[in-house]
Amino acid sequence: MKPRLIVSRQMPAPVAERIRAEFDCPWPEGRDMTPDEVLHQVTTTQAEALLLTSHLKFDAGLIGRLPAHLRIAATCSVGFEHIDVAAARARALPVTNTPDVLTDCTADLTMLLILAACRRAHEYDAIMRAGWRRGYGLGEMLGLRVSGKRLGIVGLGRIGQAVARRARGFGMTVLYSNPRRLPAEIEQGATFFADLREMLPHCDILSLHARGGPTTAGLMNAETFALLPKGAVFVNASRGGLVDEEALIAALTSGHLFAAGLDVFHNEPAFDRRLAELPNTFLIPHMGSATIETRTAMGMRALDNIAAVLSGRPPIDPLWN
Ligand code: DGY
């Protein structure tokens with residue numbers, strides 16, 4: 001008999017194919033489910049495993065009501081702010097995420113945000129779509145050169161390091177702030193700042209790669225944006241909660257920031273539409289890992305975690321030990 005699995009959101013085709021082959025699952029391709037539906041499905045199908053994504057708030061309320069036959073919950077994401085890990089641990093429910101496999105694509109997308117924000121990609125694209133009515137003088141519609149700029153990275157973890165490697169290829173100088181200084185082989189010449197506030201005045205471009213959650217909520221606010229030099233570019237491909245969007249909009253409107261490139265927002269998908277009305281923003285609907293290769297690898301990694309636990313082995317990517 002195949003193990004029973006519930007999948008709470010649509011998965012890439014190769015992942016659905018593997019689910020069909022290895023699991024007993026009512027919707028192998030996945031289906032958007034609310035927490036109540038997840039509870040209902042897990043209970044009525046007697047599922048042993050749950051494959052979820054960051055759309056599902058896997059909080060103490062839901063975890064506490066899950067039946068004992070559920071043996072693992074695997075999120076198909078590297079971030080796990082949607083999971084109450086302490087509640088899962090208290091109930092001895094293994095929970096796993098999908099690190100590493102999305103590092104390169106998220107770093108690539110960060111470079112897209114940096115380049116698009118500096119080079120006014122949104123405005124140029126809008127001009128073309130409106131018919132490119134006239135040629136521009138040599139002093140009109142100018143963007144910012146990326147090479148030679150100082151890029152401040154907040155959080156030099158896996159993704160931050162991958163962004164730093166790419167940025168060096170573009171001729172940027174890397175600065176970073178992190179809870180602790182990293183060894184020289186990881187720093188690769190990047191300048192460490194123990195205090196974010198001390199780094200900000202030296203950043204031409206700032207890119208966030210810290211974890212979300214209460215400890216980093218509102219990290220970028222009116223006070224910290226003001227510490228960036230006038231004309232700086234701001235990029236966020238980590239979590240929207242790190243940013244006070246009211247303060248971001250004010251900094252973009254006043255011209256204190258030249259532009260922003262954003263993949264993540266405070267409220268998703270109901271983001272603050274004022275950000276879309278500004279000419280100097282380049283916006284993406286939370287797509288950091290959204291390539292065929294990476295989303296497939298994430299789904300496979302989540303299934304590998306599920307397969308490990310259901311066959312009595314330890315999870316590969318446990319969120320608690
Ligand atoms: C992740 O993997 O954390 C992405 O941001 C999708 O939620």
# chains A, B, ... in the order shown; residues from 1 in each chain; ligands from 1
>>> residues_near_ligand(ligand="ligand 1", cutoff="10 Å", atoms="only C-alpha atoms and all ligand atoms", output="ChimeraX atom specification")
/A:53-55,75-82,97-103,106,211-212,237-239,263-264,286-290,295,298
>>> residues_around(residues="Ser207 in chain A", least_positions_apart="2", cutoff="6 Å", atoms="only C-alpha atoms", output="list in words")
Ile153, Val235 and Asn236 of chain A
>>> closest_residue(among="A:Met141, A:Ile306, A:Ala251, A:Ile292", to="Leu275 in chain A", atoms="only C-alpha atoms")
A:Ala251
>>> residues_around(residues="range 143-151 of chain A", least_positions_apart="5", cutoff="12 Å", atoms="only C-alpha atoms", output="number ranges by chain")
A: 110-124, 138, 160, 163-177, 190-191, 199-208, 228-229, 231-235, 258-259, 280
>>> select_by_dssp(residues="range 36-264 of chain A", states="helix (DSSP H, G or I)", output="PyMOL selection string")
chain A and resi 36-45+60-65+85-90+103-118+121-129+158-169+184-187+196-202+222-227+240-242+245-254
>>> write_last_selection(atoms="C-alpha atoms", output="PDB file, in the first residue's frame")
ATOM      1  CA  ASP A  36      -9.797  23.973   7.530  1.00  0.00           C
ATOM      2  CA  GLU A  37      -9.727  22.005   4.284  1.00  0.00           C
ATOM      3  CA  VAL A  38      -6.247  20.722   5.076  1.00  0.00           C
ATOM      4  CA  LEU A  39      -7.465  19.539   8.467  1.00  0.00           C
ATOM      5  CA  HIS A  40     -10.520  17.929   6.888  1.00  0.00           C
ATOM      6  CA  GLN A  41      -8.516  16.191   4.141  1.00  0.00           C
ATOM      7  CA  VAL A  42      -5.761  14.964   6.442  1.00  0.00           C
ATOM      8  CA  THR A  43      -8.352  13.606   8.862  1.00  0.00           C
ATOM      9  CA  THR A  44     -10.744  11.979   6.396  1.00  0.00           C
ATOM     10  CA  THR A  45      -8.025  10.391   4.224  1.00  0.00           C
ATOM     11  CA  ALA A  60      -0.434  26.265  16.625  1.00  0.00           C
ATOM     12  CA  GLY A  61      -4.236  26.238  16.155  1.00  0.00           C
ATOM     13  CA  LEU A  62      -4.009  23.995  13.092  1.00  0.00           C
ATOM     14  CA  ILE A  63      -1.106  21.884  14.355  1.00  0.00           C
ATOM     15  CA  GLY A  64      -2.927  21.227  17.643  1.00  0.00           C
ATOM     16  CA  ARG A  65      -5.983  19.842  15.797  1.00  0.00           C
ATOM     17  CA  VAL A  85       7.960  25.283  14.698  1.00  0.00           C
ATOM     18  CA  ALA A  86       7.639  25.283  18.495  1.00  0.00           C
ATOM     19  CA  ALA A  87       4.064  23.959  18.235  1.00  0.00           C
ATOM     20  CA  ALA A  88       5.197  21.223  15.810  1.00  0.00           C
ATOM     21  CA  ARG A  89       8.017  20.276  18.153  1.00  0.00           C
ATOM     22  CA  ALA A  90       5.661  20.179  21.145  1.00  0.00           C
ATOM     23  CA  THR A 103      19.592  29.613  -3.794  1.00  0.00           C
ATOM     24  CA  ASP A 104      20.770  30.266  -7.358  1.00  0.00           C
ATOM     25  CA  CYS A 105      17.394  31.221  -8.795  1.00  0.00           C
ATOM     26  CA  THR A 106      16.599  33.566  -5.914  1.00  0.00           C
ATOM     27  CA  ALA A 107      20.012  35.202  -6.313  1.00  0.00           C
ATOM     28  CA  ASP A 108      19.434  35.532 -10.071  1.00  0.00           C
ATOM     29  CA  LEU A 109      16.103  37.196  -9.424  1.00  0.00           C
ATOM     30  CA  THR A 110      17.770  39.572  -6.966  1.00  0.00           C
ATOM     31  CA  MET A 111      20.174  40.626  -9.729  1.00  0.00           C
ATOM     32  CA  LEU A 112      17.160  41.151 -11.986  1.00  0.00           C
ATOM     33  CA  LEU A 113      15.658  43.464  -9.340  1.00  0.00           C
ATOM     34  CA  ILE A 114      18.941  45.362  -8.924  1.00  0.00           C
ATOM     35  CA  LEU A 115      19.455  45.814 -12.664  1.00  0.00           C
ATOM     36  CA  ALA A 116      15.819  46.618 -13.396  1.00  0.00           C
ATOM     37  CA  ALA A 117      15.605  49.199 -10.596  1.00  0.00           C
ATOM     38  CA  CYS A 118      18.918  50.864 -11.493  1.00  0.00           C
ATOM     39  CA  ALA A 121      13.297  48.757 -16.713  1.00  0.00           C
ATOM     40  CA  HIS A 122       9.672  49.391 -15.812  1.00  0.00           C
ATOM     41  CA  GLU A 123       9.653  52.882 -17.340  1.00  0.00           C
ATOM     42  CA  TYR A 124      11.469  51.805 -20.517  1.00  0.00           C
ATOM     43  CA  ASP A 125       9.114  48.886 -20.989  1.00  0.00           C
ATOM     44  CA  ALA A 126       6.099  51.178 -20.515  1.00  0.00           C
ATOM     45  CA  ILE A 127       7.481  53.580 -23.156  1.00  0.00           C
ATOM     46  CA  MET A 128       7.845  50.749 -25.670  1.00  0.00           C
ATOM     47  CA  ARG A 129       4.375  49.386 -24.996  1.00  0.00           C
ATOM     48  CA  ARG A 158      23.217  31.050   1.376  1.00  0.00           C
ATOM     49  CA  ILE A 159      21.225  33.421  -0.834  1.00  0.00           C
ATOM     50  CA  GLY A 160      23.110  36.545   0.315  1.00  0.00           C
ATOM     51  CA  GLN A 161      26.402  34.835  -0.552  1.00  0.00           C
ATOM     52  CA  ALA A 162      25.118  33.841  -3.991  1.00  0.00           C
ATOM     53  CA  VAL A 163      24.065  37.466  -4.603  1.00  0.00           C
ATOM     54  CA  ALA A 164      27.526  38.653  -3.496  1.00  0.00           C
ATOM     55  CA  ARG A 165      29.196  36.310  -6.032  1.00  0.00           C
ATOM     56  CA  ARG A 166      27.024  37.648  -8.834  1.00  0.00           C
ATOM     57  CA  ALA A 167      27.479  41.272  -7.748  1.00  0.00           C
ATOM     58  CA  ARG A 168      31.256  40.911  -7.881  1.00  0.00           C
ATOM     59  CA  GLY A 169      30.882  39.720 -11.468  1.00  0.00           C
ATOM     60  CA  ALA A 184      37.286  35.094   5.242  1.00  0.00           C
ATOM     61  CA  GLU A 185      36.583  32.319   2.702  1.00  0.00           C
ATOM     62  CA  ILE A 186      32.883  33.211   2.862  1.00  0.00           C
ATOM     63  CA  GLU A 187      33.395  36.975   3.068  1.00  0.00           C
ATOM     64  CA  LEU A 196      23.095  47.654  10.137  1.00  0.00           C
ATOM     65  CA  ARG A 197      22.785  51.373  10.906  1.00  0.00           C
ATOM     66  CA  GLU A 198      26.505  51.820  10.453  1.00  0.00           C
ATOM     67  CA  MET A 199      26.464  50.085   7.079  1.00  0.00           C
ATOM     68  CA  LEU A 200      23.503  51.951   5.561  1.00  0.00           C
ATOM     69  CA  PRO A 201      25.246  55.295   4.860  1.00  0.00           C
ATOM     70  CA  HIS A 202      27.827  53.385   2.739  1.00  0.00           C
ATOM     71  CA  ALA A 222      11.592  55.730   8.151  1.00  0.00           C
ATOM     72  CA  GLU A 223      14.675  55.959  10.333  1.00  0.00           C
ATOM     73  CA  THR A 224      16.756  53.291   8.555  1.00  0.00           C
ATOM     74  CA  PHE A 225      15.744  54.396   5.045  1.00  0.00           C
ATOM     75  CA  ALA A 226      16.906  57.911   6.006  1.00  0.00           C
ATOM     76  CA  LEU A 227      20.376  56.482   6.773  1.00  0.00           C
ATOM     77  CA  GLY A 240       7.840  41.801   2.920  1.00  0.00           C
ATOM     78  CA  GLY A 241       7.552  41.983   6.703  1.00  0.00           C
ATOM     79  CA  LEU A 242      11.107  43.341   6.910  1.00  0.00           C
ATOM     80  CA  GLU A 245       5.993  50.008   3.265  1.00  0.00           C
ATOM     81  CA  GLU A 246       4.604  53.389   4.315  1.00  0.00           C
ATOM     82  CA  ALA A 247       8.200  54.541   4.899  1.00  0.00           C
ATOM     83  CA  LEU A 248       9.352  52.937   1.627  1.00  0.00           C
ATOM     84  CA  ILE A 249       6.657  54.733  -0.376  1.00  0.00           C
ATOM     85  CA  ALA A 250       7.589  58.037   1.293  1.00  0.00           C
ATOM     86  CA  ALA A 251      11.288  57.519   0.474  1.00  0.00           C
ATOM     87  CA  LEU A 252      10.485  56.667  -3.165  1.00  0.00           C
ATOM     88  CA  THR A 253       8.074  59.584  -3.544  1.00  0.00           C
ATOM     89  CA  SER A 254      10.408  62.171  -2.035  1.00  0.00           C
TER      90      SER A 254
END
>>> atom_distance(atom1="CA of Thr291 in chain A", atom2="CA of Ile6 in chain A")
23.4 Å
>>> select_by_dssp(residues="range 36-231 of chain A", states="strand (DSSP E or B)", output="JSON, numbers by chain")
{"A": [49, 50, 51, 52, 58, 72, 73, 74, 75, 83, 95, 96, 150, 151, 152, 153, 154, 173, 174, 175, 176, 177, 191, 192, 193, 205, 206, 207, 208, 220]}
>>> atom_distance(atom1="CA of Leu93 in chain A", atom2="CA of Phe23 in chain A")
19.6 Å
>>> decode(residues="range 63-77 of chain A", atoms="all heavy atoms", output="compact mmCIF listing (two decimals), in the first residue's frame")
# COMPACT_ATOMS: atom_id res chain seq x y z
N ILE A 63 -1.97 23.01 13.95
CA ILE A 63 -1.11 21.88 14.36
C ILE A 63 -1.74 21.11 15.52
O ILE A 63 -1.76 19.88 15.53
CB ILE A 63 0.31 22.40 14.72
CG1 ILE A 63 1.01 22.93 13.45
CG2 ILE A 63 1.16 21.30 15.39
CD1 ILE A 63 2.30 23.68 13.69
N GLY A 64 -2.31 21.85 16.46
CA GLY A 64 -2.93 21.23 17.64
C GLY A 64 -4.12 20.34 17.30
O GLY A 64 -4.46 19.44 18.05
N ARG A 65 -4.78 20.63 16.15
CA ARG A 65 -5.98 19.84 15.80
C ARG A 65 -5.67 18.68 14.85
O ARG A 65 -6.55 17.90 14.49
CB ARG A 65 -7.03 20.77 15.15
CG ARG A 65 -7.66 21.72 16.16
CD ARG A 65 -8.75 22.56 15.54
NE ARG A 65 -8.23 23.46 14.53
CZ ARG A 65 -8.91 23.94 13.49
NH1 ARG A 65 -10.18 23.60 13.33
NH2 ARG A 65 -8.37 24.76 12.63
N LEU A 66 -4.40 18.58 14.41
CA LEU A 66 -4.07 17.53 13.44
C LEU A 66 -4.09 16.15 14.09
O LEU A 66 -3.63 15.99 15.22
CB LEU A 66 -2.67 17.79 12.85
CG LEU A 66 -2.58 18.96 11.87
CD1 LEU A 66 -1.13 19.32 11.59
CD2 LEU A 66 -3.31 18.64 10.56
N PRO A 67 -4.60 15.15 13.38
CA PRO A 67 -4.67 13.81 13.98
C PRO A 67 -3.28 13.18 14.12
O PRO A 67 -2.35 13.54 13.40
CB PRO A 67 -5.52 13.03 12.97
CG PRO A 67 -5.44 13.79 11.70
CD PRO A 67 -5.18 15.22 12.04
N ALA A 68 -3.17 12.23 15.03
CA ALA A 68 -1.87 11.63 15.36
C ALA A 68 -1.29 10.82 14.20
O ALA A 68 -0.08 10.57 14.15
CB ALA A 68 -2.01 10.76 16.60
N HIS A 69 -2.17 10.40 13.23
CA HIS A 69 -1.60 9.59 12.12
C HIS A 69 -0.74 10.42 11.18
O HIS A 69 -0.02 9.89 10.35
CB HIS A 69 -2.70 8.83 11.37
CG HIS A 69 -3.86 9.66 10.92
ND1 HIS A 69 -3.79 10.54 9.88
CD2 HIS A 69 -5.13 9.73 11.41
CE1 HIS A 69 -4.97 11.12 9.72
NE2 HIS A 69 -5.80 10.66 10.65
N LEU A 70 -0.80 11.78 11.29
CA LEU A 70 0.06 12.60 10.44
C LEU A 70 1.49 12.53 10.99
O LEU A 70 1.74 12.90 12.13
CB LEU A 70 -0.41 14.06 10.40
CG LEU A 70 0.36 14.90 9.37
CD1 LEU A 70 -0.10 14.58 7.94
CD2 LEU A 70 0.23 16.38 9.65
N ARG A 71 2.44 12.06 10.15
CA ARG A 71 3.80 11.81 10.65
C ARG A 71 4.82 12.84 10.18
O ARG A 71 5.93 12.89 10.69
CB ARG A 71 4.24 10.41 10.25
CG ARG A 71 3.43 9.35 10.99
CD ARG A 71 3.64 7.96 10.40
NE ARG A 71 5.04 7.58 10.39
CZ ARG A 71 5.53 6.62 9.61
NH1 ARG A 71 4.74 5.96 8.79
NH2 ARG A 71 6.81 6.33 9.65
N ILE A 72 4.46 13.64 9.18
CA ILE A 72 5.38 14.69 8.72
C ILE A 72 4.62 15.77 7.95
O ILE A 72 3.65 15.46 7.23
CB ILE A 72 6.53 14.13 7.83
CG1 ILE A 72 7.37 15.30 7.25
CG2 ILE A 72 6.01 13.22 6.71
CD1 ILE A 72 8.67 14.94 6.63
N ALA A 73 5.09 17.02 8.12
CA ALA A 73 4.60 18.13 7.30
C ALA A 73 5.83 18.76 6.64
O ALA A 73 6.76 19.20 7.33
CB ALA A 73 3.88 19.16 8.17
N ALA A 74 5.84 18.74 5.31
CA ALA A 74 6.99 19.26 4.57
C ALA A 74 6.56 20.50 3.81
O ALA A 74 5.63 20.44 3.00
CB ALA A 74 7.50 18.20 3.60
N THR A 75 7.23 21.64 4.07
CA THR A 75 6.90 22.83 3.29
C THR A 75 7.81 22.92 2.07
O THR A 75 9.02 22.68 2.17
CB THR A 75 6.97 24.14 4.13
OG1 THR A 75 6.58 25.24 3.28
CG2 THR A 75 8.34 24.43 4.68
N CYS A 76 7.19 23.25 0.95
CA CYS A 76 7.94 23.40 -0.30
C CYS A 76 8.38 24.86 -0.39
O CYS A 76 7.87 25.63 -1.20
CB CYS A 76 7.01 23.01 -1.46
SG CYS A 76 7.89 22.83 -2.99
N SER A 77 9.28 25.26 0.49
CA SER A 77 9.81 26.63 0.55
C SER A 77 11.03 26.60 1.47
O SER A 77 11.14 25.70 2.30
CB SER A 77 8.76 27.59 1.15
OG SER A 77 8.46 27.24 2.49
